[in-house]
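This report refers to the structure that appears directly beneath it.
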There are 2 protein chains.
Amino acid sequence: MTVRRIRVVFGNGEHYDIRIGQHLIVSLGTHLREIPGISRVVVVGDENTMPRFAKHVRASLEKENFRVDEITVPAGEISKSIDQAIALWDALADIGLSRDGAIIALGGGVIGDLAGFVASTYMRGIPCIQIPTTLLAMVDSSVGGKTAIDRPQGKNLVGTFTQPSYVAADLATLRSLPEAEWENGFAEICKSAMIDSEEFSVWLTTHAAELVAHDPDIVQQAIARAISFKAEVVTHDEREQGRRECLNYGHTFGHALEVVAGYGVISHGRAVAEGMRFAARLAVEVIGTSSDFVFAQDTLLDMMGLTALPQVYSPDDLLKHMMSDKKVRNGAIRFILPIGPGSWDVCEVPFDTLHEHLEAWARSKSVYSEETVQENIASDTASTTVTVPVGEDAAS
Amino acid sequence: MTVRRIRVVFGNGEHYDIRIGQHLIVSLGTHLREIPGISRVVVVGDENTMPRFAKHVRASLEKENFRVDEITVPAGEISKSIDQAIALWDALADIGLSRDGAIIALGGGVIGDLAGFVASTYMRGIPCIQIPTTLLAMVDSSVGGKTAIDRPQGKNLVGTFTQPSYVAADLATLRSLPEAEWENGFAEICKSAMIDSEEFSVWLTTHAAELVAHDPDIVQQAIARAISFKAEVVTHDEREQGRRECLNYGHTFGHALEVVAGYGVISHGRAVAEGMRFAARLAVEVIGTSSDFVFAQDTLLDMMGLTALPQVYSPDDLLKHMMSDKKVRNGAIRFILPIGPGSWDVCEVPFDTLHEHLEAWARSKSVYSEETVQENIASDTASTTVTVPVGEDAAS
């Protein structure tokens, strides 16, 4: 397999490289030598990634005479905290890291966000190299320069926009990735394809079966295409002031689903896929999108194993969550709606319209799984007495 | 007095305005309207600045229909802490500030650094407006985009490079500024003048007496000149990778003095002025700077009331502190040395050379105040038995 390289170039001439291939961490040292001003590195990973990959990273770096330190944080979203950020800042200071140092983020989205934030603020910013070890992190968080930690008041409440200095998407790290994690990445790749172009979405549909079977060449191509799409969007809107908003396609409804179901009940990927289905149907009514688009997208998502959710949740709860989001303005919620493949618009959808569609969404679930629907409504809205029809009840 | 406006324009086209004049906070609302995308503001100040200025700021903003909230933090360096940053992030979230919000930093350097850091990281960055209320903050920290908080491991250990959206240097806020605070600003203005150009340093020497007497027009001109100089440097080196280093003139030795004396014993201004005297003398030997420069600078500093320090500190302690600084590389310490007015170089001065000069510096003090010298060495290096001659002892 040939290594693919994508160079991300910003308006001010700054740039960084992304490499996608097998066993890239073994040659990491060589590529790091191409970045000026770095003489030592601190590898930040979690309890899962460090035992598996750190020794290869270290060997590769030491061969190029970098001084290497390692810091391991607990696995999971809990580490995207200010406490971990403080522990990292202080640890970097204690080992005497100065501005000739760099951070290597070795892990999934949590490690990338946390280590990226710490790197962007330690001594007012030192370089960060992303080595994403999940498919989702490869196609999403490692590219784009968003760093963040959570606060009780909100996920990603504190963070920066800071581009990485280098990204190495090493497919070898995906070998033991759980199936649910593959799904998360697949959903983002589907999103990218539908928003990017007819060409990408047709290519993805054609190769969906091979991608699901983890065919290495198709996995590499899919990652490269998704990253190219995201990099192109981000270079034109580094700080999320316009075009970048398209990356939220499927996420407004998806996030609401994740929260209303309780984090972890529905995977991020399944939630985003369901959000794409919802947004496409909304687009048919609001901006006259062709039902061909809905059909094509359904087909792709089905082929990728991201089938429609069987369960339903209360339209009221979902709407309530969406109304508390930062995308709300003047009684309307901003949605990314597809016009067709590769074409989209930002639409402010009034609460009323949205509520109707949420009811329709809930009704659609009852068609093929009325029992599941009722069980879910019963268990998720404990205080509600469930009677048929489901849609009306859920909206009451 | 006419308001002076300086527009700072960066290579990527981004820019912000700095205004210098009387009663600018009264017209703040109007100028804030010129910045797109802001609909509400949170004024962050301390126990000194909020009672005195917040009501004027609020009145001016509300007249322009901005929604205004206020947050007061304790006065002093202690507020440049992660605890205060967390309290601010959470407070902003609790009052529901979103990306259409902005922060106004109303105070001296501590407030500017803290509020600037919080603004640059809240929701990955919202605009920050600086209203410096000390001369030092006007000519130094409010311009240049450095934000920071302290950690026990180091001052300014955590922070960002983030440019403000607007700076209003309102001379009316200086009315009750203590004399020691004026000194801090004067030293930075002297530094700017010597590094900037012969024209600025001659102008400053000519008007030193009026500046010391707080003549409003001269104060305004001096601030405008110092800001123009700094803005020009910063636009060419936003992230301190080259030219910006000149702003450290006088600070390497100055910082060491502050720490060795114990923070607060010598004011920042007096320490920087002493650092400039030291660096100029070092330059005579290391790069052959003319003694005319040393004399001209001594004259200016004397006229500004920044006379040479009477007390002395242990050369060993000073060197030790400088060796722990981030400017150390390969057994040498990076110094900004003046070649002449408006001309400088970065020189790596070997530890040995530096030690000799520190001894010479210590000896120079004994000439006119041998008793003070001995007392200071005795009290600062408790384990050292003091015998004459001072220089040799201190270096032993």
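By convention in this document, the chains of the structure tokens carry letters A, B, ... by their order, each chain's residues are numbered from 1, and ligands are numbered from 1 in the order they are shown.
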Give me, as CSV, each residue of chain B that comes within 6 Å of chain A, together with its shortest interatomic pair and the distance in Å at one decimal, counting only C-alpha atoms, with rows ordered by chain and rising residue number.
residue,atom,partner,partner_atom,distance
B:Asn12,CA,A:Asn12,CA,5.7
B:Thr121,CA,A:Gly159,CA,4.9
B:Tyr122,CA,A:Val158,CA,4.8
B:Met123,CA,A:Leu157,CA,5.0
B:Arg124,CA,A:Thr160,CA,4.1
B:Leu157,CA,A:Met123,CA,5.0
B:Val158,CA,A:Tyr122,CA,4.8
B:Gly159,CA,A:Arg124,CA,4.5
B:Thr160,CA,A:Arg124,CA,4.1
Writer output for current selection, all heavy atoms, as a compact mmCIF listing (two decimals), in the first residue's frame:
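File selection-v8.txt, as written:
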# COMPACT_ATOMS: atom_id res chain seq x y z
N ASN B 12 -2.61 38.49 7.34
CA ASN B 12 -3.79 37.83 6.77
C ASN B 12 -4.96 38.79 6.59
O ASN B 12 -6.07 38.37 6.27
CB ASN B 12 -4.21 36.64 7.65
CG ASN B 12 -4.55 37.07 9.07
OD1 ASN B 12 -4.51 38.26 9.39
ND2 ASN B 12 -4.87 36.11 9.91
N THR B 121 -10.35 31.09 24.93
CA THR B 121 -10.60 29.66 25.07
C THR B 121 -12.08 29.32 25.32
O THR B 121 -12.46 28.16 25.18
CB THR B 121 -9.77 29.08 26.24
OG1 THR B 121 -9.96 29.92 27.39
CG2 THR B 121 -8.29 29.03 25.89
N TYR B 122 -12.89 30.31 25.70
CA TYR B 122 -14.31 30.03 25.94
C TYR B 122 -14.99 29.77 24.59
O TYR B 122 -14.90 30.59 23.67
CB TYR B 122 -14.97 31.24 26.63
CG TYR B 122 -16.45 31.03 26.92
CD1 TYR B 122 -16.86 30.15 27.91
CD2 TYR B 122 -17.42 31.71 26.19
CE1 TYR B 122 -18.22 29.96 28.18
CE2 TYR B 122 -18.77 31.52 26.44
CZ TYR B 122 -19.16 30.63 27.44
OH TYR B 122 -20.50 30.44 27.70
N MET B 123 -15.61 28.60 24.47
CA MET B 123 -16.22 28.19 23.19
C MET B 123 -15.25 28.33 22.02
O MET B 123 -15.62 28.74 20.93
CB MET B 123 -17.49 29.01 22.91
CG MET B 123 -18.64 28.65 23.84
SD MET B 123 -20.19 29.34 23.27
CE MET B 123 -21.34 28.46 24.34
N ARG B 124 -13.99 28.00 22.29
CA ARG B 124 -12.89 28.10 21.31
C ARG B 124 -12.62 29.53 20.84
O ARG B 124 -12.11 29.74 19.75
CB ARG B 124 -13.14 27.19 20.11
CG ARG B 124 -13.22 25.72 20.49
CD ARG B 124 -13.00 24.82 19.29
NE ARG B 124 -13.14 23.42 19.65
CZ ARG B 124 -14.28 22.74 19.57
NH1 ARG B 124 -15.38 23.32 19.15
NH2 ARG B 124 -14.32 21.48 19.92
N LEU B 157 2.74 30.35 32.42
CA LEU B 157 3.02 29.01 31.90
C LEU B 157 1.96 28.57 30.89
O LEU B 157 2.24 27.86 29.94
CB LEU B 157 3.09 27.99 33.03
CG LEU B 157 3.55 26.60 32.60
CD1 LEU B 157 5.07 26.58 32.39
CD2 LEU B 157 3.15 25.52 33.61
N VAL B 158 0.72 29.04 31.13
CA VAL B 158 -0.40 28.63 30.29
C VAL B 158 -1.00 29.88 29.66
O VAL B 158 -1.23 30.87 30.35
CB VAL B 158 -1.46 27.88 31.13
CG1 VAL B 158 -2.70 27.58 30.31
CG2 VAL B 158 -0.87 26.61 31.71
N GLY B 159 -1.25 29.84 28.36
CA GLY B 159 -1.82 31.02 27.72
C GLY B 159 -1.94 30.82 26.22
O GLY B 159 -1.75 29.72 25.71
N THR B 160 -2.28 31.90 25.54
CA THR B 160 -2.42 31.84 24.09
C THR B 160 -1.86 33.12 23.47
O THR B 160 -1.64 34.12 24.17
CB THR B 160 -3.91 31.74 23.66
OG1 THR B 160 -4.60 32.92 24.11
CG2 THR B 160 -4.58 30.50 24.25
Who sits within 12 Å of Ala213 (chain B), only C-alpha atoms, same chain under 5 positions skipped, as a PyMOL selection string:
chain B and resi 179+182-183+186+207-208+218-219+303-305
Looking at only C-alpha atoms, which of B:Ile78, B:Leu211, B:Cys190, B:Val233 is the one that sits closest to Gln297 (chain B)?
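Smallest separation from Gln297 (chain B) among the options: B:Cys190.
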Smallest atom-to-atom distance to Asp83 (chain A): which of A:Asp150, A:His255, A:Phe293, A:His23, using only C-alpha atoms?
A:Asp150
Spatial neighbours of Gly109 (chain A), 9 Å, only C-alpha atoms, chain gap at least 2 places, as a PDB file with all heavy atoms, in the first residue's frame:
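And here is the file that came out, around-v3.pdb:
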ATOM      1  N   GLU A  77     -14.062   9.639  27.960  1.00  0.00           N
ATOM      2  CA  GLU A  77     -14.448  11.049  27.902  1.00  0.00           C
ATOM      3  C   GLU A  77     -14.101  11.794  29.193  1.00  0.00           C
ATOM      4  O   GLU A  77     -13.855  13.001  29.173  1.00  0.00           O
ATOM      5  CB  GLU A  77     -15.964  11.154  27.616  1.00  0.00           C
ATOM      6  CG  GLU A  77     -16.536  12.561  27.446  1.00  0.00           C
ATOM      7  CD  GLU A  77     -16.324  13.159  26.049  1.00  0.00           C
ATOM      8  OE1 GLU A  77     -16.100  12.396  25.082  1.00  0.00           O
ATOM      9  OE2 GLU A  77     -16.367  14.408  25.939  1.00  0.00           O
ATOM     10  N   GLY A 107      -4.050   8.556  20.224  1.00  0.00           N
ATOM     11  CA  GLY A 107      -5.318   7.983  20.676  1.00  0.00           C
ATOM     12  C   GLY A 107      -6.495   8.443  19.847  1.00  0.00           C
ATOM     13  O   GLY A 107      -6.325   8.952  18.730  1.00  0.00           O
ATOM     14  N   ILE A 111      -8.237  11.940  23.413  1.00  0.00           N
ATOM     15  CA  ILE A 111      -6.809  12.259  23.542  1.00  0.00           C
ATOM     16  C   ILE A 111      -6.438  13.401  22.596  1.00  0.00           C
ATOM     17  O   ILE A 111      -5.712  14.323  22.961  1.00  0.00           O
ATOM     18  CB  ILE A 111      -5.951  11.006  23.245  1.00  0.00           C
ATOM     19  CG1 ILE A 111      -6.128   9.981  24.365  1.00  0.00           C
ATOM     20  CG2 ILE A 111      -4.485  11.364  23.079  1.00  0.00           C
ATOM     21  CD1 ILE A 111      -5.654  10.445  25.728  1.00  0.00           C
ATOM     22  N   GLY A 112      -6.955  13.359  21.381  1.00  0.00           N
ATOM     23  CA  GLY A 112      -6.658  14.418  20.417  1.00  0.00           C
ATOM     24  C   GLY A 112      -7.128  15.773  20.898  1.00  0.00           C
ATOM     25  O   GLY A 112      -6.407  16.766  20.795  1.00  0.00           O
ATOM     26  N   ASP A 113      -8.343  15.819  21.440  1.00  0.00           N
ATOM     27  CA  ASP A 113      -8.900  17.084  21.922  1.00  0.00           C
ATOM     28  C   ASP A 113      -8.149  17.604  23.142  1.00  0.00           C
ATOM     29  O   ASP A 113      -7.825  18.787  23.234  1.00  0.00           O
ATOM     30  CB  ASP A 113     -10.376  16.905  22.284  1.00  0.00           C
ATOM     31  CG  ASP A 113     -11.270  16.865  21.059  1.00  0.00           C
ATOM     32  OD1 ASP A 113     -10.748  16.936  19.929  1.00  0.00           O
ATOM     33  OD2 ASP A 113     -12.508  16.778  21.224  1.00  0.00           O
ATOM     34  N   LEU A 114      -7.895  16.697  24.092  1.00  0.00           N
ATOM     35  CA  LEU A 114      -7.223  17.079  25.344  1.00  0.00           C
ATOM     36  C   LEU A 114      -5.771  17.492  25.081  1.00  0.00           C
ATOM     37  O   LEU A 114      -5.347  18.588  25.452  1.00  0.00           O
ATOM     38  CB  LEU A 114      -7.247  15.906  26.336  1.00  0.00           C
ATOM     39  CG  LEU A 114      -6.357  16.045  27.577  1.00  0.00           C
ATOM     40  CD1 LEU A 114      -6.902  17.116  28.516  1.00  0.00           C
ATOM     41  CD2 LEU A 114      -6.213  14.711  28.315  1.00  0.00           C
ATOM     42  N   PRO A 132      -4.113   9.674  15.267  1.00  0.00           N
ATOM     43  CA  PRO A 132      -5.429   9.152  15.608  1.00  0.00           C
ATOM     44  C   PRO A 132      -5.426   7.625  15.512  1.00  0.00           C
ATOM     45  O   PRO A 132      -4.884   7.069  14.553  1.00  0.00           O
ATOM     46  CB  PRO A 132      -6.339   9.776  14.559  1.00  0.00           C
ATOM     47  CG  PRO A 132      -5.442  10.077  13.400  1.00  0.00           C
ATOM     48  CD  PRO A 132      -4.104  10.421  13.998  1.00  0.00           C
ATOM     49  N   THR A 133      -6.024   6.965  16.501  1.00  0.00           N
ATOM     50  CA  THR A 133      -6.019   5.494  16.513  1.00  0.00           C
ATOM     51  C   THR A 133      -7.436   4.933  16.382  1.00  0.00           C
ATOM     52  O   THR A 133      -7.651   3.750  16.633  1.00  0.00           O
ATOM     53  CB  THR A 133      -5.373   4.966  17.812  1.00  0.00           C
ATOM     54  OG1 THR A 133      -6.125   5.475  18.921  1.00  0.00           O
ATOM     55  CG2 THR A 133      -3.930   5.397  17.929  1.00  0.00           C
ATOM     56  N   THR A 134      -8.406   5.797  16.025  1.00  0.00           N
ATOM     57  CA  THR A 134      -9.744   5.302  15.676  1.00  0.00           C
ATOM     58  C   THR A 134     -10.102   5.876  14.307  1.00  0.00           C
ATOM     59  O   THR A 134      -9.570   6.921  13.898  1.00  0.00           O
ATOM     60  CB  THR A 134     -10.823   5.755  16.686  1.00  0.00           C
ATOM     61  OG1 THR A 134     -10.976   7.184  16.595  1.00  0.00           O
ATOM     62  CG2 THR A 134     -10.454   5.375  18.113  1.00  0.00           C
ATOM     63  N   LEU A 136     -12.886   7.203  13.455  1.00  0.00           N
ATOM     64  CA  LEU A 136     -13.562   8.491  13.644  1.00  0.00           C
ATOM     65  C   LEU A 136     -12.554   9.625  13.826  1.00  0.00           C
ATOM     66  O   LEU A 136     -12.665  10.679  13.206  1.00  0.00           O
ATOM     67  CB  LEU A 136     -14.500   8.405  14.857  1.00  0.00           C
ATOM     68  CG  LEU A 136     -15.269   9.696  15.201  1.00  0.00           C
ATOM     69  CD1 LEU A 136     -16.169  10.126  14.066  1.00  0.00           C
ATOM     70  CD2 LEU A 136     -16.089   9.515  16.487  1.00  0.00           C
ATOM     71  N   ALA A 137     -11.564   9.398  14.675  1.00  0.00           N
ATOM     72  CA  ALA A 137     -10.563  10.445  14.905  1.00  0.00           C
ATOM     73  C   ALA A 137      -9.776  10.731  13.630  1.00  0.00           C
ATOM     74  O   ALA A 137      -9.407  11.874  13.361  1.00  0.00           O
ATOM     75  CB  ALA A 137      -9.622  10.035  16.044  1.00  0.00           C
ATOM     76  N   MET A 138      -9.534   9.686  12.821  1.00  0.00           N
ATOM     77  CA  MET A 138      -8.792   9.901  11.573  1.00  0.00           C
ATOM     78  C   MET A 138      -9.546  10.824  10.615  1.00  0.00           C
ATOM     79  O   MET A 138      -8.961  11.722  10.025  1.00  0.00           O
ATOM     80  CB  MET A 138      -8.520   8.559  10.878  1.00  0.00           C
ATOM     81  CG  MET A 138      -7.464   7.724  11.577  1.00  0.00           C
ATOM     82  SD  MET A 138      -7.211   6.133  10.745  1.00  0.00           S
ATOM     83  CE  MET A 138      -6.092   5.334  11.911  1.00  0.00           C
ATOM     84  N   ASP A 140     -12.207  12.744  11.373  1.00  0.00           N
ATOM     85  CA  ASP A 140     -12.929  13.878  11.951  1.00  0.00           C
ATOM     86  C   ASP A 140     -12.029  14.739  12.848  1.00  0.00           C
ATOM     87  O   ASP A 140     -11.480  15.736  12.407  1.00  0.00           O
ATOM     88  CB  ASP A 140     -14.147  13.365  12.724  1.00  0.00           C
ATOM     89  CG  ASP A 140     -15.080  14.499  13.113  1.00  0.00           C
ATOM     90  OD1 ASP A 140     -14.952  15.579  12.513  1.00  0.00           O
ATOM     91  OD2 ASP A 140     -15.923  14.295  14.008  1.00  0.00           O
ATOM     92  N   SER A 141     -11.823  14.317  14.097  1.00  0.00           N
ATOM     93  CA  SER A 141     -11.246  15.250  15.070  1.00  0.00           C
ATOM     94  C   SER A 141      -9.769  15.555  14.842  1.00  0.00           C
ATOM     95  O   SER A 141      -9.311  16.636  15.213  1.00  0.00           O
ATOM     96  CB  SER A 141     -11.462  14.733  16.491  1.00  0.00           C
ATOM     97  OG  SER A 141     -10.900  13.454  16.650  1.00  0.00           O
ATOM     98  N   SER A 142      -8.998  14.622  14.229  1.00  0.00           N
ATOM     99  CA  SER A 142      -7.563  14.900  14.094  1.00  0.00           C
ATOM    100  C   SER A 142      -7.292  15.969  13.038  1.00  0.00           C
ATOM    101  O   SER A 142      -6.244  16.595  13.027  1.00  0.00           O
ATOM    102  CB  SER A 142      -6.797  13.622  13.746  1.00  0.00           C
ATOM    103  OG  SER A 142      -7.084  13.207  12.431  1.00  0.00           O
TER     104      SER A 142
END
Rounded to one decimal, what separation in Å do you get between CA of Gly76 (chain A) and CA of Glu47 (chain A)?
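Computing it gives 9.4 Å between the two atoms.
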Hey, what's within 12 Å of Glu199 (chain B) if we count only C-alpha atoms and toss same-chain stuff fewer than 6 positions away? As JSON, numbers by chain, please?
{"B": [192, 193, 205, 206, 225, 341, 342]}
Length of the CA of Cys128 (chain B) to CA of Ile103 (chain B) vector [Å]
4.8 Å
With a distance cut-off of 10 Å and only C-alpha atoms, select the neighbouring residues of Ser60 (chain B), excluding the residue or stretch itself and same-chain residues fewer than 2 positions from it, and output the selection as a PyMOL selection string.
chain B and resi 24-30+32+54-58+62-66
In Å, how far is it from CA of Phe278 (chain A) to CA of Gln221 (chain A)?
27.6 Å
Which residues of region 238-304 of chain A have any atom within 9 Å of an atom in region 348-365 of chain A when counting only C-alpha atoms, and what is the closest pair of atoms for each, with the distance in Å to one decimal? Order the rows by chain and rising number and write it as JSON lines.
{"residue": "A:Phe278", "atom": "CA", "partner": "A:Trp361", "partner_atom": "CA", "distance": 7.3}
{"residue": "A:Arg281", "atom": "CA", "partner": "A:His357", "partner_atom": "CA", "distance": 8.5}
{"residue": "A:Leu282", "atom": "CA", "partner": "A:His357", "partner_atom": "CA", "distance": 6.9}
{"residue": "A:Val286", "atom": "CA", "partner": "A:Val349", "partner_atom": "CA", "distance": 8.0}
Selection above as a file: C-alpha atoms, as a PDB file, in the first residue's frame:
ATOM      1  CA  PHE A 278     -33.965  13.139   9.463  1.00  0.00           C
ATOM      2  CA  ARG A 281     -36.504  14.300   4.923  1.00  0.00           C
ATOM      3  CA  LEU A 282     -36.792  17.762   6.448  1.00  0.00           C
ATOM      4  CA  VAL A 286     -38.408  22.881   3.618  1.00  0.00           C
TER       5      VAL A 286
END
Have a look at A:Leu171, A:Ile20, A:Ala75, A:Ala224 and name the one nearest to Asp46 (chain A); count only C-alpha atoms.
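Nearest candidate to Asp46 (chain A) out of A:Leu171, A:Ile20, A:Ala75, A:Ala224: A:Ala75.
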Close residues, Asp292 (chain B) itself excluded, 12 Å, only C-alpha atoms, min 2 positions apart in chain, as a PyMOL selection string
chain B and resi 280-281+283-284+288-290+294-299+338-341
List the neighbours of Ser267 (chain A) out to 9 Å using only C-alpha atoms; skip same-chain residues closer than 4 positions along the sequence, and give me the result as a list in words.
Ala180, Glu181, Glu183, Asn184, Glu258, Tyr263, Ala271 and Val272 of chain A
Write the residues of the selection above to a file with all heavy atoms, as a PDB file, in the first residue's frame.
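The resulting result-v1.pdb:
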ATOM      1  N   ALA A 180     -18.240  -1.175  16.836  1.00  0.00           N
ATOM      2  CA  ALA A 180     -19.001   0.060  17.103  1.00  0.00           C
ATOM      3  C   ALA A 180     -18.175   1.295  16.742  1.00  0.00           C
ATOM      4  O   ALA A 180     -18.706   2.306  16.278  1.00  0.00           O
ATOM      5  CB  ALA A 180     -19.424   0.115  18.569  1.00  0.00           C
ATOM      6  N   GLU A 181     -16.855   1.184  16.942  1.00  0.00           N
ATOM      7  CA  GLU A 181     -15.977   2.308  16.604  1.00  0.00           C
ATOM      8  C   GLU A 181     -15.863   2.475  15.086  1.00  0.00           C
ATOM      9  O   GLU A 181     -15.756   3.601  14.585  1.00  0.00           O
ATOM     10  CB  GLU A 181     -14.590   2.093  17.219  1.00  0.00           C
ATOM     11  CG  GLU A 181     -14.495   2.467  18.689  1.00  0.00           C
ATOM     12  CD  GLU A 181     -14.611   3.976  18.880  1.00  0.00           C
ATOM     13  OE1 GLU A 181     -14.331   4.733  17.937  1.00  0.00           O
ATOM     14  OE2 GLU A 181     -15.009   4.397  19.981  1.00  0.00           O
ATOM     15  N   GLU A 183     -18.275   1.867  13.033  1.00  0.00           N
ATOM     16  CA  GLU A 183     -19.546   2.537  12.705  1.00  0.00           C
ATOM     17  C   GLU A 183     -19.452   4.050  12.855  1.00  0.00           C
ATOM     18  O   GLU A 183     -19.946   4.806  12.015  1.00  0.00           O
ATOM     19  CB  GLU A 183     -20.639   2.031  13.653  1.00  0.00           C
ATOM     20  CG  GLU A 183     -21.489   0.919  13.097  1.00  0.00           C
ATOM     21  CD  GLU A 183     -22.584   0.524  14.088  1.00  0.00           C
ATOM     22  OE1 GLU A 183     -22.886   1.295  15.033  1.00  0.00           O
ATOM     23  OE2 GLU A 183     -23.119  -0.570  13.906  1.00  0.00           O
ATOM     24  N   ASN A 184     -18.819   4.480  13.969  1.00  0.00           N
ATOM     25  CA  ASN A 184     -18.693   5.921  14.198  1.00  0.00           C
ATOM     26  C   ASN A 184     -17.946   6.594  13.050  1.00  0.00           C
ATOM     27  O   ASN A 184     -18.315   7.678  12.597  1.00  0.00           O
ATOM     28  CB  ASN A 184     -17.949   6.179  15.511  1.00  0.00           C
ATOM     29  CG  ASN A 184     -18.787   5.799  16.717  1.00  0.00           C
ATOM     30  OD1 ASN A 184     -20.011   5.749  16.632  1.00  0.00           O
ATOM     31  ND2 ASN A 184     -18.135   5.526  17.837  1.00  0.00           N
ATOM     32  N   GLU A 258     -28.507  11.459  20.957  1.00  0.00           N
ATOM     33  CA  GLU A 258     -27.517  10.906  21.894  1.00  0.00           C
ATOM     34  C   GLU A 258     -27.838  11.306  23.327  1.00  0.00           C
ATOM     35  O   GLU A 258     -27.768  10.491  24.241  1.00  0.00           O
ATOM     36  CB  GLU A 258     -26.113  11.429  21.546  1.00  0.00           C
ATOM     37  CG  GLU A 258     -25.419  10.707  20.412  1.00  0.00           C
ATOM     38  CD  GLU A 258     -23.991  11.222  20.221  1.00  0.00           C
ATOM     39  OE1 GLU A 258     -23.834  12.199  19.465  1.00  0.00           O
ATOM     40  OE2 GLU A 258     -23.066  10.659  20.818  1.00  0.00           O
ATOM     41  N   TYR A 263     -26.128   9.281  27.104  1.00  0.00           N
ATOM     42  CA  TYR A 263     -24.873   9.052  26.393  1.00  0.00           C
ATOM     43  C   TYR A 263     -24.440   7.600  26.465  1.00  0.00           C
ATOM     44  O   TYR A 263     -24.471   6.969  27.498  1.00  0.00           O
ATOM     45  CB  TYR A 263     -23.758   9.962  26.930  1.00  0.00           C
ATOM     46  CG  TYR A 263     -23.682  11.260  26.167  1.00  0.00           C
ATOM     47  CD1 TYR A 263     -24.024  12.464  26.766  1.00  0.00           C
ATOM     48  CD2 TYR A 263     -23.310  11.276  24.818  1.00  0.00           C
ATOM     49  CE1 TYR A 263     -23.977  13.659  26.069  1.00  0.00           C
ATOM     50  CE2 TYR A 263     -23.255  12.463  24.113  1.00  0.00           C
ATOM     51  CZ  TYR A 263     -23.593  13.653  24.732  1.00  0.00           C
ATOM     52  OH  TYR A 263     -23.547  14.832  24.044  1.00  0.00           O
ATOM     53  N   ALA A 271     -26.224   7.762  15.697  1.00  0.00           N
ATOM     54  CA  ALA A 271     -26.990   8.988  15.925  1.00  0.00           C
ATOM     55  C   ALA A 271     -26.840   9.956  14.750  1.00  0.00           C
ATOM     56  O   ALA A 271     -27.819  10.555  14.280  1.00  0.00           O
ATOM     57  CB  ALA A 271     -26.548   9.649  17.227  1.00  0.00           C
ATOM     58  N   VAL A 272     -25.608  10.091  14.254  1.00  0.00           N
ATOM     59  CA  VAL A 272     -25.373  10.992  13.119  1.00  0.00           C
ATOM     60  C   VAL A 272     -26.092  10.466  11.871  1.00  0.00           C
ATOM     61  O   VAL A 272     -26.708  11.231  11.109  1.00  0.00           O
ATOM     62  CB  VAL A 272     -23.862  11.166  12.859  1.00  0.00           C
ATOM     63  CG1 VAL A 272     -23.606  11.833  11.508  1.00  0.00           C
ATOM     64  CG2 VAL A 272     -23.228  11.981  13.976  1.00  0.00           C
TER      65      VAL A 272
END
DSSP says strand (DSSP E) for which residues of region 79-204 of chain A? Put them as a PyMOL selection string?
chain A and resi 101-107+128-132+146-151+154-161+166-170
DSSP on the backbone: what in region 281-373 of chain A comes out helix (DSSP H, G or I), as an MDAnalysis selection string?
chainID A and resid 281:286 291:303 315:323 351:373
